[in-house]
Amino acid sequence: MHRHHVFPVSTILLVAANLLIPVAIVVFAIGFFPYKPFLPGLAEYQNLEYGPPPEAPFDRLIFMVVDALRSDFVYTDGSGFEFTQKLISDGVAIPFTAHATSPTITMPRIKAITTGSTPSFLDAILNFDEADTSSTLAVQDTWLAQMKAKKDGKLVMYGDDTWLKLFPGLFDRADGTSSFFVSDFTEVDNNVTRHIPDELRNDDWNTMVLHYLGLDHIGHKTGPRGPNMIPKQREMDGIVRIIYEAMQTQSHLESTLLVFLGDHGMNDAGNHGASSPGETSPALVFVSPKLKSISKPVKVPADFAEDFQYYSVVEQSDLATTLAALLGFPVPKNSLGSFMLDFLPFWPEKHDRLQILVRNARQILDIVAATFSGSSPDCVRPSSGAEELACEWQHISKAAEKTPAGEDPDDAWMIEVSKWLSKAQTLMSGMASNYDMSMLAYGGFAAGLASIAAGYVVATSNSVTAASITPFVLIILLYGTMMFASSYVEEEQHFWYWTASAWLFYLAIRLTPKTKHKWSMMGLVALGAMRITRGWNQTGQKFAGEPDIVTSFVAANPPLLWCLVFATYAMVSLELFNGLGDVPTAISGSLVAGLVTSAVSFKLAFTNEDAPELVVGFARTLVTIFDGPSLVNRARAVFLGLGLISIFPLYNIVTARGAKVSKDEAMRTLHHLYTLFALTQSRVTNVPLFLLFQAIYLFLDRLQLGPVEITTSSLLLQFASFFAMGGSNAISGVDLSNAYNGVSGFNIVAVGVLTFLSNWAAPVWWTSASNLLLLQSRTQLSSTKQGHNGVFRQHAALLTAFVTVTLGFVMLACTALRTHLFIWTVFSPKYLYSMAWCLGQHLVVNMALGGVLYWLGCI
């Protein structure tokens with residue numbers, strides 16, 4: 001009677017716990033990632049006692065963005081930007097390093113560059129949605145809107161279509177290109193360059209935006225030292241030459257300013273999104289013959305700097321304020337930028353210089369006042385940094401009032417204004433997010449309720465003993481505690497590598513029958529496979545780009561790589577052929593051969609486009625033989641083949657209700673069909689990892705594990721395999737190279753699913769493999785009612801307990817450390833990854849997909 005009552009209560013609580021997970025995540029995110037409020041409307045010049053605004057030295061702007069242009073790419077010895085370096089040496093170009101705050105990805109960086117403000121961290125998510133329009137800047141004040149308001153020329157744009165999403169309808173002529181086809185190094189830039197000669201001859205525009213993507217794509221594919229990097233730098237340098245020579249020879253361009261910059265940099269692995277020095281240090285160069293009169297001599301090329309900070313270091317938000325003065329328009333309302341003092345010599349009159357600084361200061365003062373609702377600040381006991389800034393400005397203003405009539409304040413006063421601007425910029429940028437503490441608390445409370453519910457289900461499971469659950473509890477506590485240390489979050493992979501290795505060793509010692517030497521050898525093979533898995537890809541943030549097995553051995557020896565790749569496909573082929581044993585050999589052989597040939601053909605063709613240096617020897621011969629269909633059609637052929645062949649095992653499962661062997665073979669066939677899909681969605685250098693995963697699985701399969709051991713193994717291997725495939729807790733770790741397989745245009749659902757499955761291909765594989773182990777455990781325990789009916793429920797309860805408790809730890813860490821230096825660079829990306837793990841991997845894959853697979857194996 002008691003058990004009849006506990007079963008439905010436990011099930012209800014388990015369902016409730018999982019339903020609370022998305023509620024907790026969304027509520028907490030609303031409080032943690034609020035949209036930053038902004039002042040509406042376009043700024044207008046204020047009337048100052050110093051007279052009208054000073055005359056601008058330029059009337060036309062060419063704004064050239066080279067995506068991921070790290071500072072050393074332009075300024076150091078060995079750079080491909082030789083002509084640019086000559087311009088700097090001649091004094092007609094002024095170089096800077098423009099600090100880019102995290103997240104270092106395109107959309108938030110363009111927002112910072114054009115508005116001068118600090119973007120919301122939610123833009124890091126919206127950056128991946130090409131269909132998003134909620135992040136538009138159409139109603140915000142930017143230097144583009146100000147140039148449009150001048151009505152003295154058109155606005156044109158060529159390149160990354162992020163600009164078209166952010167500024168819908170603003171450009172009079174435009175040709176956008178997608179930023180996510182990262183295998184394209186050439187056409188994506190040629191599509192920009194082909195417009196330049198005609199536009200340089202036109203005189204009907206006052207602003208031309210160019211955004212080149214090829215260098216960023218090369219970084220993602222081959223890193224900052226890849227073979228294509230210097231040629232691409234030379235190509236971009238050639239564009240600078242074309243534009244500069246046109247500025248010299250065409251009269252309508254004589255007052256044109258070329259601003260040449262990177263939106264962000266890249267780390268040593270070629271990725272970006274986090275806050276390493278390489279990612280936050282893009283180059284910024286102002287180019288014009290007019291600059292020769294104000295520039296100062298600098299060393300060219302610059303000496304190497306480990307922190308990538310060359311020449312003067314400014315904030316990217318300073319661009320909006322500086323362009324306002326150089327081109328003659330009001331500083332955008334929401335700008336936190338400070339005017340770059342290097343350009344003050346353009347105005348020899350002191351009152352003109354004073355105007356520029358005062359207008360900059362008063363514009364920031366409006367933002368400061370808005371933070372405390374415009375009420376008069378309490379300068380006796382200022383309650384916030386914003387009030388303190390307002391009081392300091394009152395002091396500076398009173399000092400200016402003491403200046404004799406008809407005279408301008410002295411240089412010391414101007415220095416005080418400049419210092420105030422820098423302090424205001426630092427303080428107000430740090431106040432960019434106002435946390436909603438009540439929403440944070442509600443989100444944490446929901447996670448806590450879910451943890452209690454899941455914990456109750458685990459505790460009331462009759463098969464769970466203190467000895468069996470202890471390792472699982474230790475994993476939860478150690479992992480949760482680790483969330484409060486930024487270094488551990490950055491290098492989380494080591495926790496899973498060592499924990500998974502220790503767990504496999506524990507299983508080998510405790511559960512392997514000591515009398516069978518074959519089993520002992522399998523344990524050693526599994527431990528060896530885990531050791532190779534750990535060293536396959538160097539991930540994390542501190543050692544990204546360091547040597548690993550892929551770079552040192554596999555990619556360096558393409559014939560070895562393809563031997564391993566073909567061995568992996570051969571293993572899958574054999575398993576599929578055996579799984580179709582009920583089908584006549586001629587038919588099953590033809591089906592498997594056709595499907596695997598299509599998959600190999602796609603992988604070869606994709607690699608030939610993605611990393612042609614890996615396609616050599618026999619692989620090159622096969623590429624020539626298989627030449628013909630497009631990558632989209634090849635991928636669609638693989639997906640179609642997988643779908644058609646999966647009909648056979650599904651039919652066997654439904655019709656062979658009493659035939660256990662046939663049903664087991666059908667479930668294994670479904671698993672290996674997914675393996676082939678996972679290979680299609682993985683980088684070619686990661687394909688051999690599935691051989692190692694199979695070796696570990698075979699070891700676990702022979703151990704006859706119970707549900708708790710299976711769940712613990714599944715959890716550890718899901719996380720360990722994610723990092724082994726190159727995953728990390730940085731936004732820069734998101735791999736988009738397989739996001740468009742079989743997709744001819746952007747479709748948010750298709751691209752979203754493919755992106756998730758390409759980044760979580762290995763964890764999903766372990767979900768499928770764990771299901772096979774659970775079905776085996778169910779058969780072993782079928783003599784007991786609990787074993788027969790409660791295996792998956794216990795598995796789901798343990799996974800839910802882990803997810804809810806660790807999610808609570810992450811929320812607690814983000815709340816407690818919300819003022820931490822690394823809150824936006826380490827803890828916020830970790831929360832985003834926790835969202836992906838909880839919603840995608842746990843709810844959709846482990847619970848929904850895993851539940852369906854388990855149900856299919858039981859019917």
# chains A, B, ... in the order shown; residues from 1 in each chain; ligands from 1
>>> closest_atom_pairs(of="region 504-577 of chain A", to="region 265-273 of chain A", cutoff="12 Å", atoms="only C-alpha atoms", output="JSON lines")
{"residue": "A:Asn537", "atom": "CA", "partner": "A:Ala269", "partner_atom": "CA", "distance": 10.8}
{"residue": "A:Gln538", "atom": "CA", "partner": "A:Ala269", "partner_atom": "CA", "distance": 9.1}
{"residue": "A:Thr539", "atom": "CA", "partner": "A:Ala269", "partner_atom": "CA", "distance": 8.9}
{"residue": "A:Gly540", "atom": "CA", "partner": "A:Ala269", "partner_atom": "CA", "distance": 10.3}
{"residue": "A:Gln541", "atom": "CA", "partner": "A:Asn267", "partner_atom": "CA", "distance": 8.6}
{"residue": "A:Lys542", "atom": "CA", "partner": "A:Asn267", "partner_atom": "CA", "distance": 9.8}
{"residue": "A:Phe543", "atom": "CA", "partner": "A:Asp268", "partner_atom": "CA", "distance": 8.5}
{"residue": "A:Ala544", "atom": "CA", "partner": "A:Ala269", "partner_atom": "CA", "distance": 5.5}
{"residue": "A:Gly545", "atom": "CA", "partner": "A:Ala269", "partner_atom": "CA", "distance": 4.2}
{"residue": "A:Glu546", "atom": "CA", "partner": "A:Asp268", "partner_atom": "CA", "distance": 7.9}
{"residue": "A:Pro547", "atom": "CA", "partner": "A:Ala269", "partner_atom": "CA", "distance": 10.3}
{"residue": "A:Asp548", "atom": "CA", "partner": "A:Ala269", "partner_atom": "CA", "distance": 11.6}
{"residue": "A:Thr551", "atom": "CA", "partner": "A:Ala269", "partner_atom": "CA", "distance": 10.9}
>>> closest_atom_pairs(of="region 694-732 of chain A", to="region 660-684 of chain A", cutoff="12 Å", atoms="only C-alpha atoms", output="JSON lines")
{"residue": "A:Gln694", "atom": "CA", "partner": "A:Thr675", "partner_atom": "CA", "distance": 10.0}
{"residue": "A:Phe722", "atom": "CA", "partner": "A:Ser682", "partner_atom": "CA", "distance": 11.6}
{"residue": "A:Met725", "atom": "CA", "partner": "A:Ser682", "partner_atom": "CA", "distance": 8.5}
{"residue": "A:Gly726", "atom": "CA", "partner": "A:Arg683", "partner_atom": "CA", "distance": 9.9}
{"residue": "A:Gly727", "atom": "CA", "partner": "A:Ser682", "partner_atom": "CA", "distance": 11.9}
>>> residues_around(residues="His795 (chain A)", least_positions_apart="5", cutoff="9 Å", atoms="only C-alpha atoms", output="ChimeraX atom specification")
/A:707-708,710-711,774,790,800
>>> select_by_dssp(residues="region 221-467 of chain A", states="helix (DSSP H, G or I)", output="ChimeraX atom specification")
/A:221-222,229-249,251-253,289-293,318-327,341-346,350-371,385-401,411-430,437-459,466-467
>>> closest_residue(among="A:His494, A:Lys419, A:Arg793, A:Arg201", to="Ala454 (chain A)", atoms="only C-alpha atoms")
A:Arg793
>>> closest_residue(among="A:Ser777, A:Thr825, A:Asn47, A:Thr470", to="Asn729 (chain A)", atoms="only C-alpha atoms")
A:Thr825
>>> residues_around(residues="Val331 (chain A)", least_positions_apart="6", cutoff="12 Å", atoms="only C-alpha atoms", output="ChimeraX atom specification")
/A:42-46,53,114-117,141-147,317-325,337-339,356-364,366
>>> atom_distance(atom1="CA of Val9 (chain A)", atom2="CA of Val457 (chain A)")
8.6 Å
>>> atom_distance(atom1="CA of Thr533 (chain A)", atom2="CA of Leu689 (chain A)")
6.8 Å
>>> atom_distance(atom1="CA of Ala720 (chain A)", atom2="CA of Leu449 (chain A)")
28.1 Å
>>> residues_around(residues="region 611-619 of chain A", least_positions_apart="2", cutoff="9 Å", atoms="only C-alpha atoms", output="CSV table (one decimal) with N, CA, C and O atoms, in the first residue's frame")
chain,number,residue,atom,x,y,z
A,183,SER,N,33.2,29.1,-43.2
A,183,SER,CA,34.1,28.4,-44.0
A,183,SER,C,34.6,29.2,-45.2
A,183,SER,O,35.5,28.9,-46.0
A,221,LYS,N,39.0,29.1,-38.1
A,221,LYS,CA,39.4,27.9,-38.7
A,221,LYS,C,40.8,27.4,-38.4
A,221,LYS,O,41.1,26.3,-38.1
A,222,THR,N,41.7,28.4,-38.5
A,222,THR,CA,43.2,28.0,-38.4
A,222,THR,C,43.9,28.7,-37.4
A,222,THR,O,45.1,28.5,-37.2
A,555,ALA,N,46.3,16.7,-37.0
A,555,ALA,CA,46.3,17.6,-38.1
A,555,ALA,C,47.6,17.8,-38.7
A,555,ALA,O,47.7,18.1,-39.9
A,556,ALA,N,48.7,17.5,-38.0
A,556,ALA,CA,50.0,17.6,-38.5
A,556,ALA,C,50.4,16.5,-39.5
A,556,ALA,O,51.3,16.5,-40.3
A,557,ASN,N,49.6,15.4,-39.4
A,557,ASN,CA,49.8,14.2,-40.2
A,557,ASN,C,48.4,13.8,-40.8
A,557,ASN,O,47.8,12.9,-40.4
A,558,PRO,N,48.0,14.5,-41.9
A,558,PRO,CA,46.7,14.2,-42.5
A,558,PRO,C,46.5,12.8,-42.9
A,558,PRO,O,45.4,12.3,-42.7
A,559,PRO,N,47.5,12.0,-43.4
A,559,PRO,CA,47.2,10.6,-43.6
A,559,PRO,C,46.8,9.8,-42.4
A,559,PRO,O,45.9,9.0,-42.5
A,561,LEU,N,45.2,11.2,-39.8
A,561,LEU,CA,43.9,11.6,-39.5
A,561,LEU,C,42.9,10.8,-40.3
A,561,LEU,O,41.9,10.3,-39.8
A,562,TRP,N,43.1,10.7,-41.7
A,562,TRP,CA,42.1,10.0,-42.5
A,562,TRP,C,42.0,8.5,-42.2
A,562,TRP,O,41.0,7.9,-42.4
A,604,LEU,N,34.4,14.6,-46.7
A,604,LEU,CA,35.6,15.0,-47.5
A,604,LEU,C,35.4,16.3,-48.2
A,604,LEU,O,36.3,17.2,-48.2
A,606,PHE,N,33.3,18.7,-47.3
A,606,PHE,CA,33.2,19.8,-46.4
A,606,PHE,C,34.6,20.2,-45.9
A,606,PHE,O,35.0,21.4,-45.8
A,607,THR,N,35.5,19.2,-45.6
A,607,THR,CA,36.8,19.4,-45.1
A,607,THR,C,37.6,20.1,-46.2
A,607,THR,O,38.5,21.0,-46.0
A,608,ASN,N,37.4,19.8,-47.5
A,608,ASN,CA,38.1,20.4,-48.6
A,608,ASN,C,37.8,21.9,-48.7
A,608,ASN,O,38.6,22.7,-49.1
A,609,GLU,N,36.6,22.3,-48.3
A,609,GLU,CA,36.2,23.7,-48.2
A,609,GLU,C,36.6,24.3,-46.9
A,609,GLU,O,37.1,25.5,-46.9
A,621,THR,N,42.3,12.2,-53.7
A,621,THR,CA,41.8,11.4,-54.8
A,621,THR,C,40.3,11.1,-54.7
A,621,THR,O,39.6,11.3,-55.6
A,622,LEU,N,39.9,10.8,-53.4
A,622,LEU,CA,38.5,10.6,-53.2
A,622,LEU,C,37.6,11.9,-53.4
A,622,LEU,O,36.5,11.8,-53.9
A,623,VAL,N,38.2,13.0,-53.0
A,623,VAL,CA,37.4,14.3,-53.3
A,623,VAL,C,37.2,14.5,-54.8
A,623,VAL,O,36.1,14.9,-55.2
A,624,THR,N,38.2,14.2,-55.6
A,624,THR,CA,38.1,14.3,-57.0
A,624,THR,C,37.1,13.3,-57.6
A,624,THR,O,36.2,13.7,-58.4
>>> closest_residue(among="A:Thr280, A:Ala100, A:Pro54, A:Ile625", to="Gln355 (chain A)", atoms="only C-alpha atoms")
A:Pro54
>>> residues_around(residues="Gly594 (chain A)", least_positions_apart="5", cutoff="9 Å", atoms="only C-alpha atoms", output="ChimeraX atom specification")
/A:589,599,641
>>> write_last_selection(atoms="N, CA and C atoms", output="PDB file, in the first residue's frame")
ATOM      1  N   GLY A 589      23.561  -4.598 -47.217  1.00  0.00           N
ATOM      2  CA  GLY A 589      24.890  -4.130 -47.606  1.00  0.00           C
ATOM      3  C   GLY A 589      24.823  -2.913 -48.499  1.00  0.00           C
ATOM      4  N   ALA A 599      27.916   9.840 -46.424  1.00  0.00           N
ATOM      5  CA  ALA A 599      28.445  10.554 -45.257  1.00  0.00           C
ATOM      6  C   ALA A 599      29.921  10.864 -45.422  1.00  0.00           C
ATOM      7  N   GLY A 641      18.963   9.724 -45.949  1.00  0.00           N
ATOM      8  CA  GLY A 641      19.314   8.314 -45.782  1.00  0.00           C
ATOM      9  C   GLY A 641      19.167   7.851 -44.352  1.00  0.00           C
TER      10      GLY A 641
END
>>> residues_around(residues="Glu709 (chain A)", least_positions_apart="6", cutoff="10 Å", atoms="only C-alpha atoms", output="list in words")
Ser468, Ile469, Pro471, Phe472, Trp503, Leu507, Leu700, Leu715 and His795 of chain A
>>> select_by_dssp(residues="region 67-308 of chain A", states="strand (DSSP E or B)", output="number ranges by chain")
A: 70, 76, 93-99, 154-160, 173-177, 205-212, 256-261, 282-287, 302
>>> decode(residues="region 221-241 of chain A", atoms="N, CA, C and O atoms", output="PDB file, in the first residue's frame")
ATOM      1  N   LYS A 221      39.018  29.120 -38.111  1.00  0.00           N
ATOM      2  CA  LYS A 221      39.388  27.856 -38.733  1.00  0.00           C
ATOM      3  C   LYS A 221      40.821  27.426 -38.438  1.00  0.00           C
ATOM      4  O   LYS A 221      41.080  26.264 -38.136  1.00  0.00           O
ATOM      5  N   THR A 222      41.746  28.359 -38.544  1.00  0.00           N
ATOM      6  CA  THR A 222      43.162  27.961 -38.441  1.00  0.00           C
ATOM      7  C   THR A 222      43.932  28.732 -37.378  1.00  0.00           C
ATOM      8  O   THR A 222      45.128  28.514 -37.217  1.00  0.00           O
ATOM      9  N   GLY A 223      43.261  29.634 -36.650  1.00  0.00           N
ATOM     10  CA  GLY A 223      43.946  30.378 -35.600  1.00  0.00           C
ATOM     11  C   GLY A 223      44.678  31.591 -36.135  1.00  0.00           C
ATOM     12  O   GLY A 223      44.786  31.796 -37.349  1.00  0.00           O
ATOM     13  N   PRO A 224      45.230  32.407 -35.234  1.00  0.00           N
ATOM     14  CA  PRO A 224      45.881  33.655 -35.660  1.00  0.00           C
ATOM     15  C   PRO A 224      47.185  33.455 -36.419  1.00  0.00           C
ATOM     16  O   PRO A 224      47.683  34.381 -37.051  1.00  0.00           O
ATOM     17  N   ARG A 225      47.731  32.253 -36.355  1.00  0.00           N
ATOM     18  CA  ARG A 225      48.989  31.996 -37.071  1.00  0.00           C
ATOM     19  C   ARG A 225      48.792  31.020 -38.233  1.00  0.00           C
ATOM     20  O   ARG A 225      49.745  30.380 -38.684  1.00  0.00           O
ATOM     21  N   GLY A 226      47.563  30.877 -38.703  1.00  0.00           N
ATOM     22  CA  GLY A 226      47.267  29.973 -39.803  1.00  0.00           C
ATOM     23  C   GLY A 226      47.876  30.438 -41.113  1.00  0.00           C
ATOM     24  O   GLY A 226      48.250  31.607 -41.274  1.00  0.00           O
ATOM     25  N   PRO A 227      47.982  29.542 -42.086  1.00  0.00           N
ATOM     26  CA  PRO A 227      48.650  29.871 -43.356  1.00  0.00           C
ATOM     27  C   PRO A 227      47.932  30.931 -44.178  1.00  0.00           C
ATOM     28  O   PRO A 227      48.542  31.577 -45.024  1.00  0.00           O
ATOM     29  N   ASN A 228      46.636  31.128 -43.926  1.00  0.00           N
ATOM     30  CA  ASN A 228      45.881  32.114 -44.708  1.00  0.00           C
ATOM     31  C   ASN A 228      45.846  33.499 -44.072  1.00  0.00           C
ATOM     32  O   ASN A 228      45.301  34.433 -44.665  1.00  0.00           O
ATOM     33  N   MET A 229      46.416  33.631 -42.861  1.00  0.00           N
ATOM     34  CA  MET A 229      46.267  34.882 -42.129  1.00  0.00           C
ATOM     35  C   MET A 229      47.053  36.036 -42.761  1.00  0.00           C
ATOM     36  O   MET A 229      46.500  37.125 -42.990  1.00  0.00           O
ATOM     37  N   ILE A 230      48.318  35.843 -43.052  1.00  0.00           N
ATOM     38  CA  ILE A 230      49.128  36.925 -43.625  1.00  0.00           C
ATOM     39  C   ILE A 230      48.623  37.328 -45.014  1.00  0.00           C
ATOM     40  O   ILE A 230      48.497  38.524 -45.308  1.00  0.00           O
ATOM     41  N   PRO A 231      48.294  36.376 -45.899  1.00  0.00           N
ATOM     42  CA  PRO A 231      47.707  36.798 -47.181  1.00  0.00           C
ATOM     43  C   PRO A 231      46.435  37.619 -47.022  1.00  0.00           C
ATOM     44  O   PRO A 231      46.209  38.577 -47.771  1.00  0.00           O
ATOM     45  N   LYS A 232      45.595  37.267 -46.051  1.00  0.00           N
ATOM     46  CA  LYS A 232      44.372  38.044 -45.823  1.00  0.00           C
ATOM     47  C   LYS A 232      44.708  39.433 -45.300  1.00  0.00           C
ATOM     48  O   LYS A 232      44.070  40.428 -45.685  1.00  0.00           O
ATOM     49  N   GLN A 233      45.720  39.535 -44.424  1.00  0.00           N
ATOM     50  CA  GLN A 233      46.147  40.849 -43.943  1.00  0.00           C
ATOM     51  C   GLN A 233      46.631  41.717 -45.104  1.00  0.00           C
ATOM     52  O   GLN A 233      46.316  42.916 -45.170  1.00  0.00           O
ATOM     53  N   ARG A 234      47.379  41.118 -46.021  1.00  0.00           N
ATOM     54  CA  ARG A 234      47.863  41.873 -47.178  1.00  0.00           C
ATOM     55  C   ARG A 234      46.685  42.333 -48.051  1.00  0.00           C
ATOM     56  O   ARG A 234      46.699  43.438 -48.600  1.00  0.00           O
ATOM     57  N   GLU A 235      45.671  41.469 -48.173  1.00  0.00           N
ATOM     58  CA  GLU A 235      44.485  41.852 -48.946  1.00  0.00           C
ATOM     59  C   GLU A 235      43.796  43.055 -48.314  1.00  0.00           C
ATOM     60  O   GLU A 235      43.420  44.006 -49.019  1.00  0.00           O
ATOM     61  N   MET A 236      43.634  43.044 -46.992  1.00  0.00           N
ATOM     62  CA  MET A 236      43.002  44.170 -46.301  1.00  0.00           C
ATOM     63  C   MET A 236      43.868  45.421 -46.390  1.00  0.00           C
ATOM     64  O   MET A 236      43.352  46.541 -46.531  1.00  0.00           O
ATOM     65  N   ASP A 237      45.175  45.235 -46.313  1.00  0.00           N
ATOM     66  CA  ASP A 237      46.098  46.365 -46.453  1.00  0.00           C
ATOM     67  C   ASP A 237      45.966  46.983 -47.844  1.00  0.00           C
ATOM     68  O   ASP A 237      46.059  48.208 -48.010  1.00  0.00           O
ATOM     69  N   GLY A 238      45.724  46.146 -48.837  1.00  0.00           N
ATOM     70  CA  GLY A 238      45.513  46.648 -50.197  1.00  0.00           C
ATOM     71  C   GLY A 238      44.265  47.501 -50.300  1.00  0.00           C
ATOM     72  O   GLY A 238      44.234  48.480 -51.060  1.00  0.00           O
ATOM     73  N   ILE A 239      43.231  47.163 -49.537  1.00  0.00           N
ATOM     74  CA  ILE A 239      42.011  47.974 -49.532  1.00  0.00           C
ATOM     75  C   ILE A 239      42.308  49.348 -48.931  1.00  0.00           C
ATOM     76  O   ILE A 239      41.835  50.379 -49.440  1.00  0.00           O
ATOM     77  N   VAL A 240      43.093  49.379 -47.856  1.00  0.00           N
ATOM     78  CA  VAL A 240      43.492  50.655 -47.248  1.00  0.00           C
ATOM     79  C   VAL A 240      44.242  51.505 -48.276  1.00  0.00           C
ATOM     80  O   VAL A 240      44.013  52.717 -48.393  1.00  0.00           O
ATOM     81  N   ARG A 241      45.125  50.866 -49.046  1.00  0.00           N
ATOM     82  CA  ARG A 241      45.885  51.585 -50.073  1.00  0.00           C
ATOM     83  C   ARG A 241      44.942  52.186 -51.123  1.00  0.00           C
ATOM     84  O   ARG A 241      45.079  53.359 -51.505  1.00  0.00           O
TER      85      ARG A 241
END
